[in-house]
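Engineer: Here's a structure for you.
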Amino acid sequence: MNPTRPTILLRLAAAALCIGAVLPAVAAQADPILIGNGPDGGTGGSGGNGGILIGNGGAGGTGGNGGNGGVLIGNGGAGGTGGNGGNGGVLIGNGGNGGAGGTGGAGGLLGSPGQAGSVGTGGTSVPSVVNNTAPVLSGTLVVGHIIAFSTGSWSPSGLTFAYQWKVDGVDVAGATASSFPLTADHLGKVVSATVTGSKTGYTPATVTAVAGTVTAGTVVDNTPPTVNGTPAVGHTLGVSTGNWSPSGLTFAYQWKVDGVDVAGATASSFPLTADYLGKIVSVSVTGSKTGYNPATATASTTAVQPGAVADNTPPTINGTPKVGRTLGL
């Protein structure tokens, strides 16, 4: 450091003080130019700067910064809540302390910097609801099932929870219960839900829980189909579909003889002809519904038996039973 610098600085400071001593009338002016303290700032405003040579910066109002001290000599004003302290004079002067949440101003060459303000609270703070553990899915992501989310773990206790279900990120109108039924419309789409925890006196918090992509349901044959009718030539067979789930299924049929599909035999009934004598007749029943994987069940009969000839009207002999006469039927 230049050994003559402190001497030069002190001389400049002394000169500035002399200027202040010979200009007392200036201090009486409304807006001092050389000497004077800056006014304090109002709420939201910054403090005014001190005189050009000598003067302390004004304190900042709430949310404002403190004014700077005089160019040569002067202390920076303290910052208001949330504001920064002003800088001290270039030569001599301490930087102003920062307001709560603000930083301290820089000091002059012969001054010290201001202290940083404490962390400001901005007045009375409102506590927030906190989600400690994410909601957990229960249920299966399959068409026809119902899924739900647990709320997870939150604080404080005594919260009220609200739900909004979404499909591919879009709110489902009216889907604000804690559970959600999956339909064919949701097949292949991503289902999620937002869970909001709230309590009087707290800022609410919302988390999003993603369930995943919905897959197709499965048709189930609870009671197998059965073939109705007599397996004999000349008779017609029918089929009872049995019991299936879910409800609202559509059924399709395919009749077979000895395991081979009979072309065009897709009705719920099947006439037996002599071609099927001694053969096994069966039928495949397929249940299907949009959004579900179809299922097929098979019912069969014993071998087809010969038909029975029926004597519906007994024959009668015509003619007179006498010698020499001829009888007929």
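In the structure tokens, each chain is lettered A, B, ... as it comes, each chain's residues begin at 1, and ligands are numbered from 1 in order of appearance.
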Near Pro294 (chain A), counting only C-alpha atoms, which residues have an atom at most 12 Å away, once you skip same-chain residues fewer than 2 positions from it, shown as an mmCIF file with N, CA, C and O atoms, in the first residue's frame?
Structural biologist:
```cif
data_model
loop_
_atom_site.group_PDB
_atom_site.id
_atom_site.type_symbol
_atom_site.label_atom_id
_atom_site.label_comp_id
_atom_site.auth_asym_id
_atom_site.auth_seq_id
_atom_site.Cartn_x
_atom_site.Cartn_y
_atom_site.Cartn_z
ATOM 1 N N ALA A 216 -56.544 -53.977 -20.823
ATOM 2 C CA ALA A 216 -57.847 -54.569 -21.117
ATOM 3 C C ALA A 216 -58.282 -55.529 -20.015
ATOM 4 O O ALA A 216 -57.459 -56.224 -19.397
ATOM 5 N N GLY A 217 -59.595 -55.562 -19.786
ATOM 6 C CA GLY A 217 -60.150 -56.533 -18.861
ATOM 7 C C GLY A 217 -60.246 -57.895 -19.518
ATOM 8 O O GLY A 217 -59.947 -58.055 -20.712
ATOM 9 N N THR A 218 -60.665 -58.884 -18.767
ATOM 10 C CA THR A 218 -60.772 -60.251 -19.286
ATOM 11 C C THR A 218 -62.180 -60.782 -19.073
ATOM 12 O O THR A 218 -62.720 -60.696 -17.972
ATOM 13 N N VAL A 219 -62.740 -61.308 -20.155
ATOM 14 C CA VAL A 219 -64.042 -61.967 -20.055
ATOM 15 C C VAL A 219 -63.838 -63.310 -19.346
ATOM 16 O O VAL A 219 -62.874 -64.036 -19.627
ATOM 17 N N VAL A 220 -64.737 -63.634 -18.433
ATOM 18 C CA VAL A 220 -64.606 -64.866 -17.652
ATOM 19 C C VAL A 220 -65.852 -65.730 -17.822
ATOM 20 O O VAL A 220 -66.984 -65.245 -17.697
ATOM 21 N N ASP A 221 -65.624 -67.022 -18.140
ATOM 22 C CA ASP A 221 -66.717 -67.999 -18.236
ATOM 23 C C ASP A 221 -66.852 -68.666 -16.875
ATOM 24 O O ASP A 221 -66.078 -69.552 -16.519
ATOM 25 N N TRP A 244 -71.447 -65.823 -17.504
ATOM 26 C CA TRP A 244 -70.200 -65.132 -17.834
ATOM 27 C C TRP A 244 -70.141 -63.790 -17.111
ATOM 28 O O TRP A 244 -71.140 -63.263 -16.632
ATOM 29 N N SER A 245 -68.956 -63.238 -17.058
ATOM 30 C CA SER A 245 -68.785 -61.872 -16.560
ATOM 31 C C SER A 245 -67.706 -61.185 -17.403
ATOM 32 O O SER A 245 -66.814 -61.851 -17.943
ATOM 33 N N PRO A 246 -67.812 -59.855 -17.576
ATOM 34 C CA PRO A 246 -68.823 -58.979 -16.989
ATOM 35 C C PRO A 246 -70.156 -59.125 -17.713
ATOM 36 O O PRO A 246 -70.277 -59.917 -18.660
ATOM 37 N N LEU A 249 -72.226 -58.890 -22.390
ATOM 38 C CA LEU A 249 -71.367 -59.515 -23.401
ATOM 39 C C LEU A 249 -72.139 -59.820 -24.680
ATOM 40 O O LEU A 249 -73.363 -59.970 -24.683
ATOM 41 N N THR A 250 -71.397 -59.927 -25.764
ATOM 42 C CA THR A 250 -71.937 -60.406 -27.032
ATOM 43 C C THR A 250 -71.359 -61.797 -27.274
ATOM 44 O O THR A 250 -70.152 -62.009 -27.074
ATOM 45 N N PHE A 251 -72.214 -62.737 -27.711
ATOM 46 C CA PHE A 251 -71.757 -64.119 -27.886
ATOM 47 C C PHE A 251 -71.729 -64.499 -29.361
ATOM 48 O O PHE A 251 -72.602 -64.125 -30.142
ATOM 49 N N ALA A 252 -70.716 -65.275 -29.716
ATOM 50 C CA ALA A 252 -70.591 -65.813 -31.075
ATOM 51 C C ALA A 252 -70.432 -67.332 -30.966
ATOM 52 O O ALA A 252 -69.895 -67.841 -29.968
ATOM 53 N N VAL A 285 -68.270 -71.280 -27.866
ATOM 54 C CA VAL A 285 -68.988 -70.050 -27.535
ATOM 55 C C VAL A 285 -67.951 -69.009 -27.117
ATOM 56 O O VAL A 285 -67.154 -69.247 -26.207
ATOM 57 N N THR A 286 -67.969 -67.856 -27.787
ATOM 58 C CA THR A 286 -67.003 -66.789 -27.497
ATOM 59 C C THR A 286 -67.744 -65.569 -26.970
ATOM 60 O O THR A 286 -68.658 -65.056 -27.621
ATOM 61 N N GLY A 287 -67.357 -65.129 -25.764
ATOM 62 C CA GLY A 287 -67.938 -63.918 -25.173
ATOM 63 C C GLY A 287 -66.987 -62.745 -25.368
ATOM 64 O O GLY A 287 -65.784 -62.867 -25.134
ATOM 65 N N SER A 288 -67.514 -61.615 -25.792
ATOM 66 C CA SER A 288 -66.668 -60.446 -26.052
ATOM 67 C C SER A 288 -67.369 -59.162 -25.636
ATOM 68 O O SER A 288 -68.593 -59.090 -25.555
ATOM 69 N N LYS A 289 -66.547 -58.146 -25.355
ATOM 70 C CA LYS A 289 -67.053 -56.826 -24.990
ATOM 71 C C LYS A 289 -65.924 -55.821 -25.200
ATOM 72 O O LYS A 289 -64.756 -56.124 -24.961
ATOM 73 N N THR A 290 -66.279 -54.610 -25.632
ATOM 74 C CA THR A 290 -65.278 -53.576 -25.862
ATOM 75 C C THR A 290 -64.493 -53.293 -24.584
ATOM 76 O O THR A 290 -65.071 -53.130 -23.515
ATOM 77 N N GLY A 291 -63.173 -53.273 -24.721
ATOM 78 C CA GLY A 291 -62.313 -53.010 -23.578
ATOM 79 C C GLY A 291 -61.870 -54.264 -22.854
ATOM 80 O O GLY A 291 -61.125 -54.188 -21.879
ATOM 81 N N TYR A 292 -62.316 -55.437 -23.335
ATOM 82 C CA TYR A 292 -61.993 -56.698 -22.681
ATOM 83 C C TYR A 292 -61.381 -57.672 -23.682
ATOM 84 O O TYR A 292 -61.716 -57.654 -24.880
ATOM 85 N N THR A 296 -63.249 -67.907 -24.824
ATOM 86 C CA THR A 296 -63.995 -68.935 -25.554
ATOM 87 C C THR A 296 -64.110 -70.194 -24.709
ATOM 88 O O THR A 296 -63.143 -70.629 -24.073
ATOM 89 N N ALA A 297 -65.314 -70.789 -24.702
ATOM 90 C CA ALA A 297 -65.545 -72.051 -24.006
ATOM 91 C C ALA A 297 -66.242 -73.000 -24.973
ATOM 92 O O ALA A 297 -66.970 -72.570 -25.875
#
```
Engineer: Near Val262 (chain A), counting only C-alpha atoms, which residues have an atom at most 12 Å away, once you skip same-chain residues fewer than 2 positions from it, shown as a list in words?
Structural biologist: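 In the requested format, the answer is Tyr253, Gln254, Trp255, Lys256, Val257, Asp258, Gly259, Val260, Gly264, Ala265, Thr266, Ala267, Phe270, Pro271, Leu272, Asp275, Tyr276, Val281, Ser282, Val283 and Ser284 of chain A.
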Engineer: Could you save those same residues with N, CA and C atoms as a PDB file, in the first residue's frame?
Structural biologist:
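Saved as again_21.pdb:
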```pdb
ATOM      1  N   TYR A 253     -70.915 -68.056 -32.021  1.00  0.00           N
ATOM      2  CA  TYR A 253     -70.934 -69.509 -31.978  1.00  0.00           C
ATOM      3  C   TYR A 253     -70.225 -70.080 -33.205  1.00  0.00           C
ATOM      4  N   GLN A 254     -69.613 -71.243 -33.005  1.00  0.00           N
ATOM      5  CA  GLN A 254     -69.047 -72.008 -34.117  1.00  0.00           C
ATOM      6  C   GLN A 254     -69.229 -73.492 -33.829  1.00  0.00           C
ATOM      7  N   TRP A 255     -70.083 -74.135 -34.672  1.00  0.00           N
ATOM      8  CA  TRP A 255     -70.313 -75.559 -34.508  1.00  0.00           C
ATOM      9  C   TRP A 255     -69.236 -76.346 -35.232  1.00  0.00           C
ATOM     10  N   LYS A 256     -68.904 -77.511 -34.630  1.00  0.00           N
ATOM     11  CA  LYS A 256     -67.852 -78.360 -35.172  1.00  0.00           C
ATOM     12  C   LYS A 256     -68.349 -79.809 -35.211  1.00  0.00           C
ATOM     13  N   VAL A 257     -67.831 -80.569 -36.170  1.00  0.00           N
ATOM     14  CA  VAL A 257     -68.090 -82.009 -36.250  1.00  0.00           C
ATOM     15  C   VAL A 257     -66.740 -82.700 -36.238  1.00  0.00           C
ATOM     16  N   ASP A 258     -66.566 -83.547 -35.230  1.00  0.00           N
ATOM     17  CA  ASP A 258     -65.269 -84.200 -35.004  1.00  0.00           C
ATOM     18  C   ASP A 258     -64.135 -83.177 -34.956  1.00  0.00           C
ATOM     19  N   GLY A 259     -64.404 -82.007 -34.299  1.00  0.00           N
ATOM     20  CA  GLY A 259     -63.374 -80.994 -34.092  1.00  0.00           C
ATOM     21  C   GLY A 259     -63.116 -80.079 -35.253  1.00  0.00           C
ATOM     22  N   VAL A 260     -63.835 -80.244 -36.358  1.00  0.00           N
ATOM     23  CA  VAL A 260     -63.613 -79.425 -37.550  1.00  0.00           C
ATOM     24  C   VAL A 260     -64.784 -78.458 -37.715  1.00  0.00           C
ATOM     25  N   GLY A 264     -70.224 -71.907 -42.063  1.00  0.00           N
ATOM     26  CA  GLY A 264     -71.506 -71.226 -41.965  1.00  0.00           C
ATOM     27  C   GLY A 264     -72.332 -71.602 -40.753  1.00  0.00           C
ATOM     28  N   ALA A 265     -71.853 -72.548 -39.952  1.00  0.00           N
ATOM     29  CA  ALA A 265     -72.632 -73.001 -38.790  1.00  0.00           C
ATOM     30  C   ALA A 265     -72.296 -72.116 -37.596  1.00  0.00           C
ATOM     31  N   THR A 266     -72.820 -70.884 -37.606  1.00  0.00           N
ATOM     32  CA  THR A 266     -72.498 -69.901 -36.563  1.00  0.00           C
ATOM     33  C   THR A 266     -73.739 -69.410 -35.829  1.00  0.00           C
ATOM     34  N   ALA A 267     -74.840 -70.142 -35.979  1.00  0.00           N
ATOM     35  CA  ALA A 267     -76.052 -69.790 -35.248  1.00  0.00           C
ATOM     36  C   ALA A 267     -76.030 -70.480 -33.892  1.00  0.00           C
ATOM     37  N   PHE A 270     -78.167 -76.019 -34.331  1.00  0.00           N
ATOM     38  CA  PHE A 270     -77.476 -76.792 -35.373  1.00  0.00           C
ATOM     39  C   PHE A 270     -78.289 -78.037 -35.701  1.00  0.00           C
ATOM     40  N   PRO A 271     -78.778 -78.193 -36.959  1.00  0.00           N
ATOM     41  CA  PRO A 271     -79.567 -79.368 -37.349  1.00  0.00           C
ATOM     42  C   PRO A 271     -78.647 -80.558 -37.666  1.00  0.00           C
ATOM     43  N   LEU A 272     -79.039 -81.743 -37.206  1.00  0.00           N
ATOM     44  CA  LEU A 272     -78.235 -82.942 -37.426  1.00  0.00           C
ATOM     45  C   LEU A 272     -78.769 -83.711 -38.628  1.00  0.00           C
ATOM     46  N   ASP A 275     -75.256 -87.010 -42.438  1.00  0.00           N
ATOM     47  CA  ASP A 275     -73.800 -86.858 -42.613  1.00  0.00           C
ATOM     48  C   ASP A 275     -73.056 -86.901 -41.284  1.00  0.00           C
ATOM     49  N   TYR A 276     -73.767 -86.641 -40.206  1.00  0.00           N
ATOM     50  CA  TYR A 276     -73.099 -86.552 -38.901  1.00  0.00           C
ATOM     51  C   TYR A 276     -73.272 -87.810 -38.062  1.00  0.00           C
ATOM     52  N   VAL A 281     -70.424 -83.909 -32.213  1.00  0.00           N
ATOM     53  CA  VAL A 281     -70.748 -82.502 -32.521  1.00  0.00           C
ATOM     54  C   VAL A 281     -70.455 -81.656 -31.287  1.00  0.00           C
ATOM     55  N   SER A 282     -69.789 -80.536 -31.506  1.00  0.00           N
ATOM     56  CA  SER A 282     -69.477 -79.605 -30.408  1.00  0.00           C
ATOM     57  C   SER A 282     -69.702 -78.170 -30.881  1.00  0.00           C
ATOM     58  N   VAL A 283     -69.671 -77.252 -29.932  1.00  0.00           N
ATOM     59  CA  VAL A 283     -69.855 -75.853 -30.270  1.00  0.00           C
ATOM     60  C   VAL A 283     -68.935 -75.011 -29.391  1.00  0.00           C
ATOM     61  N   SER A 284     -68.286 -74.018 -30.015  1.00  0.00           N
ATOM     62  CA  SER A 284     -67.457 -73.052 -29.288  1.00  0.00           C
ATOM     63  C   SER A 284     -68.253 -71.769 -29.102  1.00  0.00           C
TER      64      SER A 284
END
```
Engineer: If we count only C-alpha atoms and set the cut-off at 10 Å, which residues sit around Ser178 (chain A), ignoring sequence neighbours fewer than 2 positions away in its own chain? Please answer as an MDAnalysis selection string.
Structural biologist: chainID A and resid 147:151 161:165 175:176 180 193 195
Engineer: Hey, what does DSSP flag as strand (DSSP E or B) within region 101-287 of chain A? Can you give it to me as number ranges by chain?
Structural biologist: A: 128, 130-133, 137-138, 142, 146-149, 153-155, 160-167, 170-171, 179-181, 190-198, 203, 205-213, 215, 217-218, 220-223, 226-228, 232, 236-240, 243-245, 250-257, 260-261, 269-271, 280-287
Engineer: Enumerate, as a compact mmCIF listing (two decimals) with all heavy atoms, in the first residue's frame, the complete set of residues in region 140-280 of chain A that a backbone-based DSSP assignment places in helix (DSSP H, G or I).
Structural biologist:
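Here's the written file selection.txt:
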```
# COMPACT_ATOMS: atom_id res chain seq x y z
N ALA A 184 -64.04 -48.97 -20.48
CA ALA A 184 -63.40 -49.18 -21.77
C ALA A 184 -62.86 -47.88 -22.35
O ALA A 184 -61.91 -47.89 -23.14
CB ALA A 184 -64.39 -49.83 -22.75
N ASP A 185 -63.44 -46.74 -21.96
CA ASP A 185 -62.97 -45.45 -22.46
C ASP A 185 -61.56 -45.13 -21.99
O ASP A 185 -60.87 -44.29 -22.58
CB ASP A 185 -63.90 -44.33 -22.00
CG ASP A 185 -65.29 -44.43 -22.61
OD1 ASP A 185 -65.39 -45.02 -23.71
OD2 ASP A 185 -66.25 -43.94 -22.00
N HIS A 186 -61.11 -45.78 -20.92
CA HIS A 186 -59.80 -45.50 -20.34
C HIS A 186 -58.72 -46.46 -20.83
O HIS A 186 -57.56 -46.31 -20.45
CB HIS A 186 -59.89 -45.56 -18.81
CG HIS A 186 -60.97 -44.71 -18.25
ND1 HIS A 186 -61.81 -45.13 -17.22
CD2 HIS A 186 -61.40 -43.47 -18.58
CE1 HIS A 186 -62.68 -44.19 -16.94
NE2 HIS A 186 -62.46 -43.17 -17.76
N ALA A 274 -77.87 -86.92 -41.71
CA ALA A 274 -77.26 -88.26 -41.77
C ALA A 274 -75.75 -88.16 -41.95
O ALA A 274 -75.03 -89.11 -41.63
CB ALA A 274 -77.89 -89.06 -42.91
N ASP A 275 -75.26 -87.01 -42.44
CA ASP A 275 -73.80 -86.86 -42.61
C ASP A 275 -73.06 -86.90 -41.28
O ASP A 275 -71.84 -87.14 -41.26
CB ASP A 275 -73.50 -85.52 -43.30
CG ASP A 275 -74.03 -85.47 -44.72
OD1 ASP A 275 -74.17 -86.55 -45.33
OD2 ASP A 275 -74.29 -84.35 -45.21
N TYR A 276 -73.77 -86.64 -40.21
CA TYR A 276 -73.10 -86.55 -38.90
C TYR A 276 -73.27 -87.81 -38.06
O TYR A 276 -72.85 -87.84 -36.90
CB TYR A 276 -73.64 -85.34 -38.14
CG TYR A 276 -73.62 -84.06 -38.95
CD1 TYR A 276 -74.73 -83.21 -38.98
CD2 TYR A 276 -72.51 -83.71 -39.70
CE1 TYR A 276 -74.71 -82.05 -39.72
CE2 TYR A 276 -72.49 -82.55 -40.45
CZ TYR A 276 -73.59 -81.72 -40.46
OH TYR A 276 -73.57 -80.59 -41.21
```
Engineer: Using only C-alpha atoms, can you tell me which of A:Lys189, A:Lys279, A:Arg325, A:Lys166 comes closest to Val142 (chain A)?
Structural biologist: A:Lys189
